[in-house]
Protein chains: 4
Amino acid sequence: MNNSDQPLWDWTLRRIRKIWPLGDSGKLKNVVDPELPESDVQKLRNKINACLEARGGEMSARSRAAELGEAYLVLSPLGRRRFLELLAREYDVDNEAIEKAIEDRRTSDAPEQNRKATSRLRQLLEPPRTRLLRQFNELQEGVKFLVDLRSELMGWAQKDPELKALDQDVYGLLASWFDIGFLDLQQITWKTPAALLEKLIEYEAVHAIRSWDDLKNRLGDDRCCFAFFHPRMPDEPLIFVEVALVNGISTSIHELLDEKAPVGNPKKADTAIFYSISNCQTGLAGVSFGNFLIKRVVSALTAKLPNLKTFSTLSPIPGFMKWLQNEADELQLSERERLVLDLIKNPIPDQPGLLEMLRSKNGTHEEEARSLFQPGLLRLGARYLVTAKRGKQASDRVAHFHLSNGARIEQINWAADLSEKGLQQSAGLMVNYLYKLPDIEKNHEAYSGHGEITTSSAVRKLL
Amino acid sequence: MNNSDQPLWDWTLRRIRKIWPLGDSGKLKNVVDPELPESDVQKLRNKINACLEARGGEMSARSRAAELGEAYLVLSPLGRRRFLELLAREYDVDNEAIEKAIEDRRTSDAPEQNRKATSRLRQLLEPPRTRLLRQFNELQEGVKFLVDLRSELMGWAQKDPELKALDQDVYGLLASWFDIGFLDLQQITWKTPAALLEKLIEYEAVHAIRSWDDLKNRLGDDRCCFAFFHPRMPDEPLIFVEVALVNGISTSIHELLDEKAPVGNPKKADTAIFYSISNCQTGLAGVSFGNFLIKRVVSALTAKLPNLKTFSTLSPIPGFMKWLQNEADELQLSERERLVLDLIKNPIPDQPGLLEMLRSKNGTHEEEARSLFQPGLLRLGARYLVTAKRGKQASDRVAHFHLSNGARIEQINWAADLSEKGLQQSAGLMVNYLYKLPDIEKNHEAYSGHGEITTSSAVRKLL
Amino acid sequence: MNNSDQPLWDWTLRRIRKIWPLGDSGKLKNVVDPELPESDVQKLRNKINACLEARGGEMSARSRAAELGEAYLVLSPLGRRRFLELLAREYDVDNEAIEKAIEDRRTSDAPEQNRKATSRLRQLLEPPRTRLLRQFNELQEGVKFLVDLRSELMGWAQKDPELKALDQDVYGLLASWFDIGFLDLQQITWKTPAALLEKLIEYEAVHAIRSWDDLKNRLGDDRCCFAFFHPRMPDEPLIFVEVALVNGISTSIHELLDEKAPVGNPKKADTAIFYSISNCQTGLAGVSFGNFLIKRVVSALTAKLPNLKTFSTLSPIPGFMKWLQNEADELQLSERERLVLDLIKNPIPDQPGLLEMLRSKNGTHEEEARSLFQPGLLRLGARYLVTAKRGKQASDRVAHFHLSNGARIEQINWAADLSEKGLQQSAGLMVNYLYKLPDIEKNHEAYSGHGEITTSSAVRKLL
Amino acid sequence: MNNSDQPLWDWTLRRIRKIWPLGDSGKLKNVVDPELPESDVQKLRNKINACLEARGGEMSARSRAAELGEAYLVLSPLGRRRFLELLAREYDVDNEAIEKAIEDRRTSDAPEQNRKATSRLRQLLEPPRTRLLRQFNELQEGVKFLVDLRSELMGWAQKDPELKALDQDVYGLLASWFDIGFLDLQQITWKTPAALLEKLIEYEAVHAIRSWDDLKNRLGDDRCCFAFFHPRMPDEPLIFVEVALVNGISTSIHELLDEKAPVGNPKKADTAIFYSISNCQTGLAGVSFGNFLIKRVVSALTAKLPNLKTFSTLSPIPGFMKWLQNEADELQLSERERLVLDLIKNPIPDQPGLLEMLRSKNGTHEEEARSLFQPGLLRLGARYLVTAKRGKQASDRVAHFHLSNGARIEQINWAADLSEKGLQQSAGLMVNYLYKLPDIEKNHEAYSGHGEITTSSAVRKLL
């Protein structure tokens with residue numbers, strides 16, 4: 001029988017990263033001005049140098065890096081930019097040393113010697129600051145720290161080539177840390193901690209989550225939501241997808257988001273509709289997860305719900321209206337197409353435009369709009385998706401994403417998203433991209449290799 | 001009220017990494033001969049090329065890499081070596097492309113252009129096989145896969161420079177994956193799953209764990225054990241340390257390992273003795289954790305048990321006897337030292353040698369041995385630790401480890417480890433290295449910079 | 001290295017209670033009319049008898065009980081009432097057998113024999129239906145089933161003595177199942193699953209939670225919330241308390257519920273304010289948790305936050321206004337008291353009443369109201385709390401709860417709750433009950449034994 | 001970004017049961033002599049009375065009960081017995097009050113009044129000490145406390161009717177706490193904490209676990225082990241069963257316990273053999289779990305492994321040899337039976353007896369023994385199981401257990417357990433009891449109602 005003490009030794013230390021206590025007093029963050037005037041930069045320089053030389057041992061170097069990170073967090077935006085410029089300018093590669101290493105390599109003939117020289121050269125080509133960036137993971141939330149640092153850096157880097165180079169270093173590090181093989185796929189349900197659910201609301205980028213009730217509906221029994229997580233950022237989703245489990249391919253987002261619709265039985269569903277995919281971390285721009293997410297979710301769903309046969313998206317066409325306005329004119333248009341285009345580009349004064357007709361809540365104009373414009377608009381939509389290109393790639397970024405994943409264009413849906421955003425961007429159209437498992441590789445190769453876009457016969461008929 | 005179904009959607013997908021189903025039939029592992037004759041190598045080559053070109057998309061590339069990994073696992077040692085030689089010889093850097101990139105870099109004057117050329121050069125210096133190695137993490141236990149692959153590769157690499165270069169690539173990848181910032185510190189107790197405890201028994205390298213009772217004693221209330229884990233290898237410790245919580249510095253390993261000794265109250269202990277540190281993964285040779293482990297454990301213990309004031313090891317001196325046999329002769333020895341050395345090097349026939357006297361269980365010779373030999377042996381021990389060097393480093397590998405961590409040599413203990421191994425390697429001596437927090441950086445700098453070894457006054461007196 | 005199968009045997013069966021498959025076909029729930037006409041009652045009777053006789057073994061009896069429970073869940077309210085009446089009327093104690101057991105007992109002189117007769121009598125005094133009620137826990141959420149059953153039964157029982165007796169049986173069972181010793185105290189935070197947090201919103205009975213933002217504020221760093229749970233109802237709180245960690249005793253609920261107020265540092269707080277306690281399960285009426293909850297939370301907080309010195313409530317005075325309207329007249333009132341009472345009972349036409357003046361958002365009348373009415377209202381409040389009694393108990397139910405827990409009346413606060421409910425029930429007053437640890441037993445004894453109410457000197461001065 | 005503090009409020013309080021600090025100083029356990037002389041009994045009496053009167057409130061009563069429990073734990077066996085005698089003698093029912101309540105009941109004619117009197121009588125029939133026993137669950141491991149208390153009490157109770165009555169009270173309480181509906185079924189694997197696995201070794205009662213290797217074999221892929229747990233005793237199994245997943249019914253325990261046998265594929269197994277069931281808690285004698293355990297495990301296995309078709313035991317026949325020695329003589333025996341019985345009862349001097357022949361490791365006598373004795377011994381075994389009765393029950397306790405669960409006697413196996421225990425108790429025989437799902441209820445009814453034992457045709461042929 002125990003005494004009343006709790007077990008002394010039952011504690012888990014996962015994620016505890018106590019900073020090793022250094023001898024020197026005065027936390028850096030307390031002695032640096034947030035604006036980081038030149039007079040304070042020297043303090044950073046000293047600390048950085050101590051980190052890079054691993055002075056006092058690697059553990060101490062990491063503690064110092066953590067101190068630098070803490071100091072960074074209390075700086076103003078100006079101060080942070082100065083900090084990054086310091087890294088970008090003073091801790092880049094050493095060109096002289098590189099020249100010398102190239103020379104050494106040229107003159108070392110013996111294979112072993114040559115190999116060493118090559119290896120040495122490779123090391124020199126990695127800027128020293130990369131080492132410091134890596135040491136930041138000593139911070140308690142060091143991985144998130146670097147993601148957020150990059151999120152800000154990316155803006156500044158656009159006009160500053162040196163910061164751009166630093167951004168490349170950060171990107172390289174993050175790309176290796178966030179290798180897909182290290183990520184966890186997790187399902188998110190209504191039983192997930194509120195602190196995490198709150199982030200879905202924040203990060204949802206396609207169909208805004210209007211309230212906790214809306215969110216709860218998206219996590220109901222006939223829905224599911226999956227996200228990737230990094231083991232060192234367990235409270236932050238990287239990307240998430242919302243899926244509806246239905247019968248037959250959904251053709252309107254409003255049905256899916258209707259909080260009052262009856263809840264279906266997921267075990268009887270034959271179709272999974274991926275209706276929203278959102279990247280969550282700006283700082284991970286360029287690291288791609290979406291392709292993996294869809295395919296892992298397909299695998300997971302197939303294993304759990306063997307009745308599912310069809311995997312499709314219900315997607316916006318975000319570039320459609322802009323293309324209509326600016327580029328469609330150059331095409332040879334049918335009469336019906338011309339009608340639609342004219343109405344969009346030159347609305348008749350005092351008459352409802354196309355979007356108004358669609359928008360009309362009470363359906364006054366719905367039938368009228370449908371009979372007048374549906375054929376023309378659908379055909380224009382199909383032409384946009386299939387023919388509008390940048391080089392070999394589809395112009396539309398959502399189309400490009402799914403096509404390069406190996407999906408095909410299955411169906412274009414009239415009046416499928418009548419939200420303001422849906423009207424303004426896509427004239428209310430939505431498209432289903434179909435992930436047909438046996439064809440995915442073939443479709444991917446055709447698209448990635450030759451820019452060939454696979455479509456259903458229905459879409460081909462439209463064209 | 002629920003019906004009798006279990007919640008359909010409550011499943012966690014952490015660590016599920018289903019391989020994406022590929023179109024082609026016939027798992028590679030079923031069509032390759034375990035010996036990997038030349039006729040089968042081409043199959044690998046095709047698959048490897050498909051991986052490196054990310055044919056069919058990155059997800060498919062990873063699936064193929066996983067297939068390659070599965071095939072590797074069913075090969076014989078000879079087959080595995082051939083696989084690795086294939087990687088080493090055919091998937092190294094492209095020297096011609098490197099020469100061209102160097103030339104490009106030389107001729108690009110504009111900073112932006114120069115930067116790009118430098119970046120391009122850096123990419124070319126990374127052998128293509130590294131990409132494949134990284135893709136192996138698609139395997140369900142892909143991280144462990146690579147660790148084990150290297151464990152075997154290291155042996156072959158010693159005599160084959162090309163395999164050596166491959167080993168360097170694998171090492172580089174593992175060093176980045178096993179960055180200390182990604183590891184979890186966990187306490188191991190008697191409540192830990194048996195499947196994990198079993199591994200402590202297997203991996204313990206200093207004082208062998210003789211039985212589950214011995215293990216239980218090492219996890220008792222006045223003991224603790226900590227290990228580092230990688231989030232992708234949760235069932236495999238990387239390194240672990242065993243600590244005794246006692247009063248005053250321990251001078252004999254036998255007290256600590258005595259299963260019948262009464263259990264102390266850890267809350268009243270003033271001293272933590274680190275009496276065993278074992279690396280667990282041969283394939284991670286060169287990736288250093290020990291330094292961090294000790295310091296994180298000190299931080300964790302300090303937070304939980306504020307009465308702890310002293311942190312010390314009780315360590316073997318594994319190189320001592322070898323040094324006595326081979327090198328001590330060259331020193332100027334006192335009479336007592338000479339006595340000991342003679343007895344060890346030239347035991348008198350039909351008389352018990354020094355080790356026999358120590359070994360005698362019933363203590364017949366103990367007092368005799370102590371009075372005759374203790375002073376000489378302790379002094380020899382101190383001289384070995386302090387003066388035997390390879391360059392600036394202490395000869396003794398355990399001494400080198402703790403000294404470079406910033407510890408000092410505190411005390412040398414007579415008859416402290418009378419196990420066969422303790423006698424054969426260390427003549428029964430053990431040493432306490434003291435981790436005195438405020439001095440650690442200073443000691444580290446003195447030792448790493450100048451090879452200066454810090455000692456206690458007691459040790460200095462011995463000298 | 002594993003193969004790609006997931007570990008076959010890693011499943012936890014906690015809370016799986018598969019119903020043992022019975023031979024007979026046709027689930028009861030599918031063959032019973034929801035209204036439970038007399039013709040269907042016989043089906044239940046058979047099943048109940050089979051349960052009570054444990055026909056086919058105890059496991060089968062439980063399966064049948066589960067079937068009965070499932071059938072109950074699909075009945076209409078009328079059907080459910082008929083079901084309960086069946087239990088109440090036909091499965092009560094057997095009076096004849098009791099008479100006989102009493103007689104047996106009387107005539108058995110030998111102690112052993114007498115003991116047996118007594119034991120037999122005790123068994124007979126427990127109605128057979130109790131056994132069935134207990135067997136319902138075979139249902140997957142059988143404990144919640146019985147709690148909900150009682151919640152409905154209580155209403156019907158008020159006017160039906162037989163149902164009242166059944167209610168007593170259910171109560172007895174629940175009281176033993178929900179013994180405080182079996183409950184878990186858990187903290188609820190913003191990281192708690194949303195599905196549980198949602199229930200706080202539903203169950204909060206004192207200061208309604210207006211939104212998820214309001215809820216988040218109540219779970220901030222300077223707040224905490226604790227609830228009791230039953231291990232077989234892990235998704236349902238039984239009772240919860242909301243605590244603010246502040247400096248000094250809080251005198252207004254509005255400060256505490258202000259979502260925009262800065263977040264304090266809980267480590268520096270010296271006072272814990274219990275500002276809301278809500279029972280969650282109607283069906284557990286009569287089972288008391290509140291007393292334990294407060295004291296366990298005090299223990300838990302003290303252990304975590306040693307700076308906390310004061311434990312107090314900020315409580316409504318729900319019976320105050322009713323008492324003012326109906327009973328205060330009988331007292332001898334001071335002039336200021338009379339002024340207040342008159343204004344409340346006979347508001348002057350076309351002039352703002354007391355509550356209107358308090359309610360005025362822009363503070364127009366605040367100072368005026370304060371100078372005119374504060375002294376009188378506070379004194380009336382004190383008199384109500386201290387002198388209004390039912391027998392020895394304080395009339396006010398919140399006062400009775402805290403006083404019988406051993407708290408004392410510390411302070412009465414003017415304009416402390418200006419919500420509509422606060423005005424209508426308590427004329428805007430709130431009261432602090434102070435839990436002073438060394439005095440709790442003494443206070444409890446004085447109040448429970450003699451009806452003596454302990455007050456602070458400030459309250460005594462008011463009187 | 002967080003600061004370096006760990007989240008302050010992330011703590012779980014499950015199972016924390018801090019004792020409420022009482023005013024009085026001097027823990028009872030420190031002021032009571034372990035032998036509990038009469039002079040100290042009064043201290044207990046005071047404390048017990050305070051508990052029963054809930055002096056200072058129910059929370060204080062529980063704290064006092066916990067103090068009493070702690071004091072109990074430091075008493076000597078003699079002291080503990082005196083404590084229990086105090087409870088047994090002074091805190092039994094109040095006979096006078098009972099008489100009065102019986103009289104009240106007799107004279108109360110109105111149904112309502114009568115009901116109250118009955119209820120009052122029921123309360124009086126529960127001894128006051130039961131309340132104290134219940135309050136002990138305030139101890140940190142209060143449930144285990146009471147189980148262990150009863151384990152000791154049961155021994156003393158056999159000869160002391162008053163202690164026997166106390167034991168009945170404790171039993172009643174435990175039976176309600178350990179109602180099957182509150183228990184968790186959990187699988188135990190090699191990944192279970194060692195601290196729990198250790199208890200399997202301790203509690204295994206049928207085929208002793210010889211070592212951790214033996215244990216690991218019993219938890220291999222083609223095995224499984226399930227146990228019931230109480231939520232308040234999570235570290236203590238109540239009962240566990242070991243199951244082998246094989247093809248065809250196992251006929252020898254040695255195959256199952258062979259650590260070197262190849263591991264089968266559980267997914268291909270068609271038969272589950274329950275080869276060991278052990279009760280773990282002496283103090284729960286009389287509370288039956290075994291019946292439920294087998295059937296829940298059958299349900300769980302069926303759900304996970306749909307290929308399983310046959311569920312059978314491989315069981316010892318513990319009363320067989322004793323019956324042979326003492327009772328078989330009275331039967332009419334065939335020649336072959338007589339041969340066996342003679343050899344067992346009157347071994348021929350200087351010749352190997354039956355058991356020796358079976359025991360012979362090298363198989364010298366195996367064939368000989370088989371041809372001579374197998375038919376007779378098997379028939380005797382069958383007759384013992386089917387005809388040896390105590391009243392309607394099978395004499396053999398293992399047989400009675402499985403038959404009353406609804407199993408049938410399927411097959412009797414020669415030389416199936418040649419361990420010393422197997423030979424001494426069962427002459428090396430083992431029996432398979434078959435759980436045929438559709439027949440279980442019928443078999444149970446036949447056996448429980450009329451003592452009819454169901455057998456396979458093979459067993460009937462033996463007879």
# chains A, B, ... in the order shown; residues from 1 in each chain; ligands from 1
>>> interface_residues(of="chain C", to="chain A", cutoff="6 Å", atoms="only C-alpha atoms", output="list in words")
Trp190, Lys191, Thr192, Pro193, Ala194 and Ala195 of chain C
>>> write_last_selection(atoms="all heavy atoms", output="PDB file, in the first residue's frame")
ATOM      1  N   TRP C 190      -8.531  25.113 -21.939  1.00  0.00           N
ATOM      2  CA  TRP C 190      -8.832  25.387 -23.341  1.00  0.00           C
ATOM      3  C   TRP C 190      -8.320  24.267 -24.236  1.00  0.00           C
ATOM      4  O   TRP C 190      -8.667  24.175 -25.406  1.00  0.00           O
ATOM      5  CB  TRP C 190      -8.250  26.741 -23.732  1.00  0.00           C
ATOM      6  CG  TRP C 190      -8.644  27.246 -25.101  1.00  0.00           C
ATOM      7  CD1 TRP C 190      -7.791  27.595 -26.114  1.00  0.00           C
ATOM      8  CD2 TRP C 190      -9.973  27.451 -25.617  1.00  0.00           C
ATOM      9  NE1 TRP C 190      -8.503  28.004 -27.213  1.00  0.00           N
ATOM     10  CE2 TRP C 190      -9.848  27.925 -26.937  1.00  0.00           C
ATOM     11  CE3 TRP C 190     -11.250  27.279 -25.082  1.00  0.00           C
ATOM     12  CZ2 TRP C 190     -10.939  28.243 -27.750  1.00  0.00           C
ATOM     13  CZ3 TRP C 190     -12.346  27.584 -25.885  1.00  0.00           C
ATOM     14  CH2 TRP C 190     -12.188  28.052 -27.199  1.00  0.00           C
ATOM     15  N   LYS C 191      -7.488  23.393 -23.673  1.00  0.00           N
ATOM     16  CA  LYS C 191      -7.022  22.233 -24.438  1.00  0.00           C
ATOM     17  C   LYS C 191      -7.940  21.022 -24.270  1.00  0.00           C
ATOM     18  O   LYS C 191      -7.661  19.948 -24.821  1.00  0.00           O
ATOM     19  CB  LYS C 191      -5.607  21.862 -23.999  1.00  0.00           C
ATOM     20  CG  LYS C 191      -4.564  22.859 -24.451  1.00  0.00           C
ATOM     21  CD  LYS C 191      -3.180  22.281 -24.344  1.00  0.00           C
ATOM     22  CE  LYS C 191      -2.177  23.193 -25.032  1.00  0.00           C
ATOM     23  NZ  LYS C 191      -0.812  22.655 -24.960  1.00  0.00           N
ATOM     24  N   THR C 192      -8.966  21.154 -23.498  1.00  0.00           N
ATOM     25  CA  THR C 192      -9.929  20.069 -23.330  1.00  0.00           C
ATOM     26  C   THR C 192     -10.710  19.899 -24.636  1.00  0.00           C
ATOM     27  O   THR C 192     -10.953  20.876 -25.344  1.00  0.00           O
ATOM     28  CB  THR C 192     -10.868  20.445 -22.166  1.00  0.00           C
ATOM     29  OG1 THR C 192     -10.079  20.505 -20.978  1.00  0.00           O
ATOM     30  CG2 THR C 192     -11.985  19.433 -21.988  1.00  0.00           C
ATOM     31  N   PRO C 193     -11.108  18.648 -24.973  1.00  0.00           N
ATOM     32  CA  PRO C 193     -11.883  18.446 -26.189  1.00  0.00           C
ATOM     33  C   PRO C 193     -13.122  19.347 -26.260  1.00  0.00           C
ATOM     34  O   PRO C 193     -13.829  19.524 -25.262  1.00  0.00           O
ATOM     35  CB  PRO C 193     -12.296  16.975 -26.095  1.00  0.00           C
ATOM     36  CG  PRO C 193     -11.189  16.327 -25.348  1.00  0.00           C
ATOM     37  CD  PRO C 193     -10.743  17.372 -24.347  1.00  0.00           C
ATOM     38  N   ALA C 194     -13.357  19.882 -27.449  1.00  0.00           N
ATOM     39  CA  ALA C 194     -14.500  20.774 -27.646  1.00  0.00           C
ATOM     40  C   ALA C 194     -15.803  20.100 -27.236  1.00  0.00           C
ATOM     41  O   ALA C 194     -16.702  20.739 -26.682  1.00  0.00           O
ATOM     42  CB  ALA C 194     -14.562  21.212 -29.105  1.00  0.00           C
ATOM     43  N   ALA C 195     -15.906  18.791 -27.481  1.00  0.00           N
ATOM     44  CA  ALA C 195     -17.147  18.083 -27.165  1.00  0.00           C
ATOM     45  C   ALA C 195     -17.453  18.174 -25.670  1.00  0.00           C
ATOM     46  O   ALA C 195     -18.612  18.120 -25.263  1.00  0.00           O
ATOM     47  CB  ALA C 195     -17.024  16.616 -27.578  1.00  0.00           C
TER      48      ALA C 195
END
>>> atom_distance(atom1="atom CA of Val41 of chain B", atom2="atom CA of Leu75 of chain B")
12.1 Å
>>> residues_around(residues="Leu372 of chain A", least_positions_apart="2", cutoff="12 Å", atoms="only C-alpha atoms", output="number ranges by chain")
A: 335-340, 343, 354, 357-358, 365-370, 374-378
>>> residues_around(residues="Ala205 of chain B", least_positions_apart="6", cutoff="9 Å", atoms="only C-alpha atoms", output="list in words")
Ser276, Ile277, Ser278, Asn279 and Cys280 of chain B
>>> select_by_dssp(residues="segment 168-199 of chain C", states="strand (DSSP E or B)", output="list in words")
Asp184, Leu185, Gln186, Gln187, Ile188 and Pro193 of chain C
>>> residues_around(residues="Glu99 of chain C", least_positions_apart="4", cutoff="12 Å", atoms="only C-alpha atoms", output="tab-separated table (two decimals) with N, CA, C and O atoms, in the first residue's frame")
chain	number	residue	atom	x	y	z
C	93	VAL	N	-40.95	-5.05	-3.13
C	93	VAL	CA	-40.65	-6.11	-2.15
C	93	VAL	C	-41.86	-7.04	-1.99
C	93	VAL	O	-43.00	-6.66	-2.25
C	94	ASP	N	-41.60	-8.24	-1.51
C	94	ASP	CA	-42.61	-9.26	-1.29
C	94	ASP	C	-43.00	-9.23	0.18
C	94	ASP	O	-42.28	-9.77	1.03
C	95	ASN	N	-44.13	-8.57	0.45
C	95	ASN	CA	-44.46	-8.34	1.87
C	95	ASN	C	-44.70	-9.62	2.66
C	95	ASN	O	-44.32	-9.72	3.83
C	103	GLU	N	-40.82	-13.16	11.27
C	103	GLU	CA	-41.22	-14.21	12.20
C	103	GLU	C	-40.06	-15.18	12.47
C	103	GLU	O	-39.74	-15.50	13.62
C	104	ASP	N	-39.42	-15.61	11.41
C	104	ASP	CA	-38.26	-16.51	11.54
C	104	ASP	C	-37.21	-15.92	12.46
C	104	ASP	O	-36.62	-16.60	13.30
C	105	ARG	N	-36.99	-14.62	12.23
C	105	ARG	CA	-35.95	-13.96	13.01
C	105	ARG	C	-36.32	-13.94	14.49
C	105	ARG	O	-35.50	-14.20	15.36
C	106	ARG	N	-37.57	-13.65	14.72
C	106	ARG	CA	-38.04	-13.57	16.10
C	106	ARG	C	-37.81	-14.92	16.80
C	106	ARG	O	-37.45	-14.96	17.98
C	117	ALA	N	-31.06	-15.03	9.85
C	117	ALA	CA	-32.42	-14.54	9.64
C	117	ALA	C	-32.40	-13.04	9.38
C	117	ALA	O	-33.14	-12.52	8.52
C	120	ARG	N	-31.18	-12.49	5.90
C	120	ARG	CA	-32.25	-12.85	4.94
C	120	ARG	C	-33.29	-11.72	4.87
C	120	ARG	O	-33.72	-11.33	3.79
C	121	LEU	N	-33.62	-11.19	6.02
C	121	LEU	CA	-34.60	-10.10	6.07
C	121	LEU	C	-34.09	-8.89	5.28
C	121	LEU	O	-34.82	-8.26	4.51
C	124	LEU	N	-34.52	-9.38	1.64
C	124	LEU	CA	-35.91	-9.28	1.19
C	124	LEU	C	-36.40	-7.83	1.13
C	124	LEU	O	-37.34	-7.51	0.40
C	125	LEU	N	-35.76	-6.99	1.91
C	125	LEU	CA	-36.19	-5.59	1.94
C	125	LEU	C	-35.68	-4.80	0.73
C	125	LEU	O	-36.05	-3.65	0.53
D	102	ILE	N	-39.59	-2.78	13.37
D	102	ILE	CA	-40.52	-3.84	12.95
D	102	ILE	C	-41.91	-3.54	13.51
D	102	ILE	O	-42.93	-3.65	12.82
D	103	GLU	N	-41.92	-3.13	14.76
D	103	GLU	CA	-43.20	-2.82	15.41
D	103	GLU	C	-43.88	-1.65	14.70
D	103	GLU	O	-45.07	-1.69	14.36
D	105	ARG	N	-43.53	-0.70	11.71
D	105	ARG	CA	-43.99	-1.12	10.39
D	105	ARG	C	-45.30	-1.88	10.50
D	105	ARG	O	-46.24	-1.65	9.74
D	106	ARG	N	-45.34	-2.72	11.49
D	106	ARG	CA	-46.56	-3.51	11.67
D	106	ARG	C	-47.77	-2.61	11.88
D	106	ARG	O	-48.86	-2.88	11.40
D	118	THR	N	-40.82	0.57	6.23
D	118	THR	CA	-40.03	-0.48	5.59
D	118	THR	C	-38.64	0.03	5.24
D	118	THR	O	-37.62	-0.63	5.47
>>> atom_distance(atom1="atom CA of Gln186 of chain C", atom2="atom CA of Thr302 of chain B")
27.9 Å
>>> residues_around(residues="segment 283-290 of chain A", least_positions_apart="4", cutoff="6 Å", atoms="only C-alpha atoms", output="ChimeraX atom specification")
/A:147-148,150-151,175
>>> select_by_dssp(residues="segment 344-463 of chain B", states="helix (DSSP H, G or I)", output="ChimeraX atom specification")
/B:344-345,354-359,366-387,397-404,420-426,437-450,457-462
>>> residues_around(residues="segment 306-309 of chain B", least_positions_apart="4", cutoff="8 Å", atoms="only C-alpha atoms", output="list in words")
Lys267, Lys268, Ala269, Asp270, Thr271, Ala272, Leu301 and Thr302 of chain B
>>> decode(residues="segment 75-80 of chain D", atoms="N, CA, C and O atoms", output="PDB file, in the first residue's frame")
ATOM      1  N   LEU D  75      -0.405  -1.303  11.840  1.00  0.00           N
ATOM      2  CA  LEU D  75      -0.604  -2.250  12.947  1.00  0.00           C
ATOM      3  C   LEU D  75       0.051  -3.593  12.626  1.00  0.00           C
ATOM      4  O   LEU D  75       0.252  -3.950  11.473  1.00  0.00           O
ATOM      5  N   SER D  76       0.325  -4.331  13.685  1.00  0.00           N
ATOM      6  CA  SER D  76       0.770  -5.720  13.544  1.00  0.00           C
ATOM      7  C   SER D  76      -0.461  -6.570  13.230  1.00  0.00           C
ATOM      8  O   SER D  76      -1.595  -6.106  13.381  1.00  0.00           O
ATOM      9  N   PRO D  77      -0.276  -7.829  12.801  1.00  0.00           N
ATOM     10  CA  PRO D  77      -1.440  -8.694  12.565  1.00  0.00           C
ATOM     11  C   PRO D  77      -2.356  -8.740  13.792  1.00  0.00           C
ATOM     12  O   PRO D  77      -3.578  -8.612  13.657  1.00  0.00           O
ATOM     13  N   LEU D  78      -1.766  -8.851  14.969  1.00  0.00           N
ATOM     14  CA  LEU D  78      -2.587  -8.875  16.173  1.00  0.00           C
ATOM     15  C   LEU D  78      -3.396  -7.587  16.288  1.00  0.00           C
ATOM     16  O   LEU D  78      -4.594  -7.610  16.586  1.00  0.00           O
ATOM     17  N   GLY D  79      -2.729  -6.465  16.079  1.00  0.00           N
ATOM     18  CA  GLY D  79      -3.410  -5.175  16.152  1.00  0.00           C
ATOM     19  C   GLY D  79      -4.535  -5.097  15.143  1.00  0.00           C
ATOM     20  O   GLY D  79      -5.625  -4.599  15.420  1.00  0.00           O
ATOM     21  N   ARG D  80      -4.279  -5.591  13.928  1.00  0.00           N
ATOM     22  CA  ARG D  80      -5.316  -5.526  12.894  1.00  0.00           C
ATOM     23  C   ARG D  80      -6.524  -6.382  13.293  1.00  0.00           C
ATOM     24  O   ARG D  80      -7.665  -5.972  13.113  1.00  0.00           O
TER      25      ARG D  80
END
